[in-house]
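Report on the structure given below.
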Amino acid sequence: MALCAPAQDYDTLIQQARAGDYSPALTMLRQRLRQTPDDRRVLGDYILISGWAGHSKAITQAYEQAESPGNLSSQALNTVARAYRDTQRWNNAITLFQQGERRFHNQPAFTYGHIMTLADAGRTDDAIRGGRQLVAQQPRNADSHLALDYAYVQAGQPYAALEQASQAYDLAPARPYVMRAYILAQQRAQLPQAALRMTQAHPGVMDPAQTRSLQADVAAQLTRAASADSRGEASRFALADQALSLYDRLIAEWRAMGPTARADVQRAEADRLQALHARRRMRDVVTSYDAMRANGTPVPSYVLGDVASAYLYLQQPEKAAPLFQQSLATIHQNRTSANRLADQSGLFYALTESNQDDAANAGMDRAIQEQPIWNYYKGTPVREPNPLRMDAELTRAQGYLYEGDSVRAQQTLDQMVAAAPDNTNIRTMRAGVYRARDLPHHAERDLKIAESQMPRSIGVEVGQAETALALQEWHQAKLLRDDVAARAPEDTTVQRLAREWEVHNMAEWRMTASRGVTTNSPVLGSHEWNLDTVLYSPPIDENWRVFAGTGYSQGEFDEGNGYYGWARAGAEWRSRVVTAQAEVSGNRYGYGTKTGAAASVFVDLNDHWQVGAGAALLSRDTPLRALKHNITANSLNASLRWRGDDRREWVLTITPSFFSDGNNRLEASLSGRQRLYTAPKVKVDALLNLSGSHNTADDAPYFNPKSDLTVLPALQITHTLYQRYENRWEQQFLLGVGTYSQRNFGTGGIVTVGYGQRYRYNDVLDVGFMITGTSRPYDGQRERDYNFLVNMTYRF
């Protein structure tokens, strides 16, 4: 409508308002309204100028205070309706837009407003229905398509909205607002590169803030693409590098703009963390995150999962866990089920490595329940298995293994393999459980099947390399390790394999020392101590190692002290089936230096059975008291071992010895171990030792029963005091109660108790001690033995 007023000053003030100086005109019009509240022309002018000034609340107040606001002009009525919409009073706005549609049939602005307000009010179905009707009536009208575009946007259908915005642009490509709507539709549909190209081709269509938003979206899209697992190996980091280069340039440019672009700089710095994560630059992720926090820069919740993952990668689970929890507690706009499960799995591993097993397991159980077994897709009658459910169950199975419950881990994976026999991930994980259960041949078979499905899978090859190490297939392990290290050096499983291979190629030092105090034992003497140490070279030509060692033993007997020192050197052969060792030694026990030799061979028939044999000239197992009397012994031995798995094992050994004094001794022993109880930090094993001997000589200056039998069942409790990755500290308790029977001396009881600790560090150090006290009869007399034993293996 035309603004009108009777006085000249009225017209002047209205003209000033048209030029953008609203305040004088609004002051004058408010006075007129108080004087003549029913003057619809004054009301109309006030509404229009208030609309130009953006005073939506003032418009609605004036409209509601008017005595008869009806019959406003179309422009004023539309302004009031839009004011109600701006103040989110949807029903009032819808009523006025409908009124305008009835009164002004030739002005579609009311229909556009009606549709968009319905969408704003959450009545998106009504809005879409109205928009479709409008487009059907006016298919060549760009604004009709934009109204439907808006309805689709509010309904969360960006691609349907893009279709309408595209049609609007085709109809009116020269209109700036249509072009702007089309660019925004492309941005919402995750097509920021196309949107940015159009923006750059038409300067001024988008304001600088919108342009920066598009540039940030382009970098974010590159980051998302870089994080996708489907990228080829050769180019898996190319997009991440592009994104990081773009972020570095944008951040520098935007910082130079000062406070105007501060929010954009903060967003780019946060998004850059995700690009660093995609590039596997985990230490840079953590460094940048710490710098942002130190500078007071807000860190959005959607990047916390990646920061937590970086901390976990760097083996800092205590810092990772709260960040995973914070990420999971926050609703992210673009979070997918896969993203959430990744955070849940990360939290599980962080809590597990922090020794919070109960919390870790409870969280993973909830994650499994969140995932349906089947997915149903629109338009497809056939249901599909949910891969996220499988991933969650695989993680939980891994958790059973971390707890030490290898049986339940295998049972879970057996069921999954039965349900999905061609799934490579399941078979690869079950192979890992087999290795943990000392069943490398079983692991090898599973990995061969997995290899037929995905021959170049990093996970499969790492599993094959670790299995090759367990089977002593050194050449195969080396080839596989070299391949995966060249292809994926940043992968944590590859790094772990590389560490295992590095340790395998180190020299190895073994040492055992013991000190005993007894009440005049005929076997050990009253005060005995022993030391044996041997140094193995790094592998030579894959299968060979040479070694050299020395040792010393001493004991006190009624007839005097016994001393025995030795030095030895030899070679060891290790292959897939056979482990063999041969050595020569120099031995001194008071009668000059005597030359000895020994050889042994063990043959692994499969995962369960092993046979062994050996022979020794001047055996180091000759009793020290016999050596004091210049009596030596040569021996043979044969062994048969059955190992069910990591929880049960039996070993039968037969050893005939031939003493230089004419005595022939035959010893046999059967030892066994059976797991009784397993918990995350406690393991209880039942042990059994059955051993007996027979000697042909009736009298000898050393302990030489005609025949004897030892029956000693025992209980061993192992408690983990501390564990962090490859470092573990344990304590052990031992209690055994049995009998000892000796011909001509009857049967007596044996009681042994022990306590020890063991510490393993970084794959290279394994050291422990055990203190034992034993009460048992010898030749009918009860003796007590107190022993302190230390053993250590160190690789360097």
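The way I read the labels, and the way they are meant: chains A, B, ... in the order of the structure tokens, residue 1 as the first residue of every chain, and ligand 1 as the first ligand shown, with later ones counted on from there.
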
message: Can you tell me which residues surround region 657-661 of chain A at a distance of at most 8 Å, considering only C-alpha atoms, apart from same-chain residues fewer than 6 positions away, and format the answer as a list in words?
response: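 Using only C-alpha atoms, the neighbours found are Ile631, Thr632, Ala633, Asn634, Ser635 and Leu636 of chain A.
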
Quick one: contact table of region 423-538 of chain A to region 562-578 of chain A, 10 Å max, nearest atom pair and distance in Å to one decimal per residue, counting only C-alpha atoms, chain and number order, as a Markdown table?
```
| residue | atom | partner | partner_atom | distance |
| --- | --- | --- | --- | --- |
| A:Ala468 | CA | A:Arg576 | CA | 8.5 |
| A:Leu469 | CA | A:Arg576 | CA | 9.3 |
| A:Ala470 | CA | A:Arg576 | CA | 8.9 |
| A:Leu471 | CA | A:Arg576 | CA | 5.3 |
| A:Gln472 | CA | A:Arg576 | CA | 4.8 |
| A:Glu473 | CA | A:Arg576 | CA | 5.4 |
| A:Trp474 | CA | A:Ser575 | CA | 7.7 |
| A:His475 | CA | A:Ser575 | CA | 9.9 |
| A:Leu524 | CA | A:Gly562 | CA | 9.9 |
| A:Gly525 | CA | A:Gly562 | CA | 8.8 |
| A:Glu528 | CA | A:Gly562 | CA | 9.2 |
| A:Asn530 | CA | A:Tyr564 | CA | 9.3 |
| A:Leu531 | CA | A:Gly565 | CA | 9.4 |
| A:Asp532 | CA | A:Trp566 | CA | 9.0 |
| A:Thr533 | CA | A:Ala567 | CA | 9.5 |
| A:Val534 | CA | A:Arg568 | CA | 8.5 |
| A:Leu535 | CA | A:Ala569 | CA | 9.3 |
| A:Tyr536 | CA | A:Ala571 | CA | 8.8 |
| A:Ser537 | CA | A:Ala571 | CA | 9.5 |
```

Selection to disk with C-alpha atoms, as an mmCIF file, in the first residue's frame:
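The new file part_4.cif reads:
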```cif
data_model
loop_
_atom_site.group_PDB
_atom_site.id
_atom_site.type_symbol
_atom_site.label_atom_id
_atom_site.label_comp_id
_atom_site.auth_asym_id
_atom_site.auth_seq_id
_atom_site.Cartn_x
_atom_site.Cartn_y
_atom_site.Cartn_z
ATOM 1 C CA ALA A 468 54.482 -68.664 11.846
ATOM 2 C CA LEU A 469 56.482 -67.411 14.833
ATOM 3 C CA ALA A 470 54.617 -69.816 17.116
ATOM 4 C CA LEU A 471 55.321 -72.680 14.678
ATOM 5 C CA GLN A 472 58.985 -71.649 14.282
ATOM 6 C CA GLU A 473 58.450 -70.921 10.579
ATOM 7 C CA TRP A 474 61.010 -68.130 10.668
ATOM 8 C CA HIS A 475 61.335 -67.457 6.943
ATOM 9 C CA LEU A 524 71.320 -81.609 48.645
ATOM 10 C CA GLY A 525 73.518 -81.300 51.678
ATOM 11 C CA GLU A 528 73.566 -75.754 48.943
ATOM 12 C CA ASN A 530 73.431 -73.428 42.474
ATOM 13 C CA LEU A 531 73.951 -71.108 39.564
ATOM 14 C CA ASP A 532 73.460 -71.805 35.881
ATOM 15 C CA THR A 533 73.676 -69.217 33.139
ATOM 16 C CA VAL A 534 73.685 -69.477 29.368
ATOM 17 C CA LEU A 535 73.856 -66.919 26.571
ATOM 18 C CA TYR A 536 72.246 -67.583 23.179
ATOM 19 C CA SER A 537 73.270 -65.657 20.083
#
```

From A:Val517, A:Ala507, A:Met390, A:Ala488, residue lying nearest Ser235 (chain A) [only C-alpha atoms]: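 Closest residue, counting only C-alpha atoms: A:Ala488.
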
Neighbour list for Asn141 (chain A) as a PyMOL selection string, cut-off 10 Å, only C-alpha atoms, skip fewer than 3 positions in-chain: chain A and resi 134-135+137-138+144-146+167-168+171-172

Considering only C-alpha atoms, give me a table of residues in region 738-785 of chain A that are at most 12 Å from region 681-700 of chain A, with the closest atom pair and distance in Å for each, as JSON lines.
```
{"residue": "A:Gly738", "atom": "CA", "partner": "A:Asn689", "partner_atom": "CA", "distance": 9.3}
{"residue": "A:Thr739", "atom": "CA", "partner": "A:Leu690", "partner_atom": "CA", "distance": 10.0}
{"residue": "A:Tyr740", "atom": "CA", "partner": "A:Gly692", "partner_atom": "CA", "distance": 9.5}
{"residue": "A:Ser741", "atom": "CA", "partner": "A:Gly692", "partner_atom": "CA", "distance": 9.1}
{"residue": "A:Gln742", "atom": "CA", "partner": "A:Gly692", "partner_atom": "CA", "distance": 9.5}
{"residue": "A:Arg743", "atom": "CA", "partner": "A:His694", "partner_atom": "CA", "distance": 9.8}
{"residue": "A:Asn744", "atom": "CA", "partner": "A:Asp698", "partner_atom": "CA", "distance": 11.7}
{"residue": "A:Ile750", "atom": "CA", "partner": "A:Asn689", "partner_atom": "CA", "distance": 12.0}
```

task: Pick out the residues sitting within 10 Å of Ser74 (chain A), and hand them over as a VMD selection string; count only C-alpha atoms, and ignore anything fewer than 5 positions along from it in its own chain.
output: chain A and resid 1 44 79 to 80 100 to 101 103 to 104 107 109 to 110

Could the residues in this selection be saved with N, CA and C atoms as a CSV table (one decimal), in the first residue's frame?
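Below you can see part01.csv, which holds the result:
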```
chain,number,residue,atom,x,y,z
A,1,MET,N,0.8,-1.2,0.0
A,1,MET,CA,0.0,0.0,0.0
A,1,MET,C,0.9,1.2,0.0
A,44,GLY,N,-1.1,0.5,9.5
A,44,GLY,CA,-0.4,-0.2,8.4
A,44,GLY,C,1.0,0.4,8.2
A,79,THR,N,3.4,-8.8,6.6
A,79,THR,CA,4.4,-8.4,7.6
A,79,THR,C,4.0,-8.9,9.0
A,80,VAL,N,2.7,-8.7,9.3
A,80,VAL,CA,2.3,-9.2,10.7
A,80,VAL,C,2.5,-10.7,10.8
A,100,GLY,N,-4.7,-14.3,4.5
A,100,GLY,CA,-4.1,-13.6,3.3
A,100,GLY,C,-4.4,-14.4,2.0
A,101,GLU,N,-4.3,-15.8,2.1
A,101,GLU,CA,-4.6,-16.6,1.0
A,101,GLU,C,-6.1,-16.4,0.5
A,103,ARG,N,-8.0,-13.7,1.1
A,103,ARG,CA,-8.3,-12.3,0.7
A,103,ARG,C,-7.5,-12.0,-0.6
A,104,PHE,N,-6.3,-12.5,-0.8
A,104,PHE,CA,-5.5,-12.0,-1.9
A,104,PHE,C,-5.1,-13.2,-2.7
A,107,GLN,N,-1.7,-13.2,-4.8
A,107,GLN,CA,-0.4,-13.0,-4.2
A,107,GLN,C,0.1,-14.2,-3.5
A,109,ALA,N,2.7,-15.0,-2.0
A,109,ALA,CA,3.6,-14.9,-0.8
A,109,ALA,C,2.9,-15.5,0.4
A,110,PHE,N,1.6,-15.3,0.5
A,110,PHE,CA,0.9,-15.9,1.7
A,110,PHE,C,1.0,-17.4,1.6
```

task: Please provide as a PyMOL selection string all residues within 6 Å of His527 (chain A), with the sequence filter that same-chain residues fewer than 5 positions apart are discarded (counting only C-alpha atoms).
output: chain A and resi 516-517+555-556

message: Taking only C-alpha atoms into account, name the residue in A:Gln266, A:Gln75, A:Ser553, A:Thr36 that is nearest to Gly296 (chain A).
response: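 Closest candidate: A:Gln266.
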
- request: Would you mind listing what lies within 9 Å of Ile183 (chain A) as a list in words, with only C-alpha atoms counted and same-chain residues fewer than 3 positions away left out?
  value: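 Here the qualifying residues turn out to be Ala165, Val178, Met179, Arg180, Gln186, Gln187, Arg188, Pro192, Ala194, Ala195, Leu196, Met198, Thr199 and Met206 of chain A.
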
message: Taking only region 373-608 of chain A into account, list the residues labelled strand (DSSP E or B) by DSSP (computed from the backbone), as a PyMOL selection string.
response: chain A and resi 374-375+384-385+508-521+525-536+540+544-557+560-574+578-588+593-604

message: Excluding Ala19 (chain A) and its own-chain neighbours fewer than 6 positions away, which residues fall within 12 Å of it when counting only C-alpha atoms? Please give them as an MDAnalysis selection string.
response: chainID A and resid 12:13 25 49 52:53

Please write the residues from the selection above to a file, keeping N, CA, C and O atoms, as a PDB file, in the first residue's frame.
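Once written, out_32.pdb looks like this:
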```
ATOM      1  N   THR A  12       7.435  13.521   5.252  1.00  0.00           N
ATOM      2  CA  THR A  12       8.894  13.629   5.319  1.00  0.00           C
ATOM      3  C   THR A  12       9.494  12.489   6.150  1.00  0.00           C
ATOM      4  O   THR A  12      10.498  11.862   5.778  1.00  0.00           O
ATOM      5  N   LEU A  13       8.844  12.219   7.292  1.00  0.00           N
ATOM      6  CA  LEU A  13       9.359  11.156   8.158  1.00  0.00           C
ATOM      7  C   LEU A  13       9.244   9.782   7.479  1.00  0.00           C
ATOM      8  O   LEU A  13      10.114   8.917   7.640  1.00  0.00           O
ATOM      9  N   ALA A  25      10.247   8.178  12.366  1.00  0.00           N
ATOM     10  CA  ALA A  25       8.926   7.811  11.860  1.00  0.00           C
ATOM     11  C   ALA A  25       8.203   6.911  12.847  1.00  0.00           C
ATOM     12  O   ALA A  25       6.987   7.071  13.082  1.00  0.00           O
ATOM     13  N   ILE A  49       6.972  -0.118   8.590  1.00  0.00           N
ATOM     14  CA  ILE A  49       8.274   0.435   8.968  1.00  0.00           C
ATOM     15  C   ILE A  49       8.913  -0.411  10.078  1.00  0.00           C
ATOM     16  O   ILE A  49      10.126  -0.638  10.086  1.00  0.00           O
ATOM     17  N   TRP A  52      10.504  -3.207   8.379  1.00  0.00           N
ATOM     18  CA  TRP A  52      11.794  -2.841   7.795  1.00  0.00           C
ATOM     19  C   TRP A  52      12.887  -2.790   8.874  1.00  0.00           C
ATOM     20  O   TRP A  52      14.032  -3.158   8.621  1.00  0.00           O
ATOM     21  N   ALA A  53      12.516  -2.345  10.055  1.00  0.00           N
ATOM     22  CA  ALA A  53      13.480  -2.208  11.151  1.00  0.00           C
ATOM     23  C   ALA A  53      13.737  -3.537  11.864  1.00  0.00           C
ATOM     24  O   ALA A  53      14.620  -3.618  12.726  1.00  0.00           O
TER      25      ALA A  53
END
```

query: CA of Val546 (chain A) and CA of Ala465 (chain A) are how many Å apart?
result: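 Separating CA of Val546 (chain A) from CA of Ala465 (chain A) is a distance of 24.4 Å.
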
message: Give me, as a PyMOL selection string, the residues of region 212-377 of chain A that a backbone DSSP run labels helix (DSSP H, G or I).
response: chain A and resi 212-227+238-255+258-278+282-294+301-313+317-329+337-353+357-370

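With only C-alpha atoms as the atoms that count, the minimum distance from Gly432 (chain A) to the choices A:Thr467, A:Leu479, A:Ala418, A:Ala367 is reached by A:Thr467.
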
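Interatomic distance, CA of Thr492 (chain A) against CA of Leu246 (chain A): 27.7 Å.
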
query: Which residue gives the smallest distance to Ala219 (chain A) among A:Ala17, A:Leu239, A:Ala321, A:Leu413, with only C-alpha atoms counted?
result: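 Of A:Ala17, A:Leu239, A:Ala321, A:Leu413, the one nearest Ala219 (chain A) is A:Leu239, counting only C-alpha atoms.
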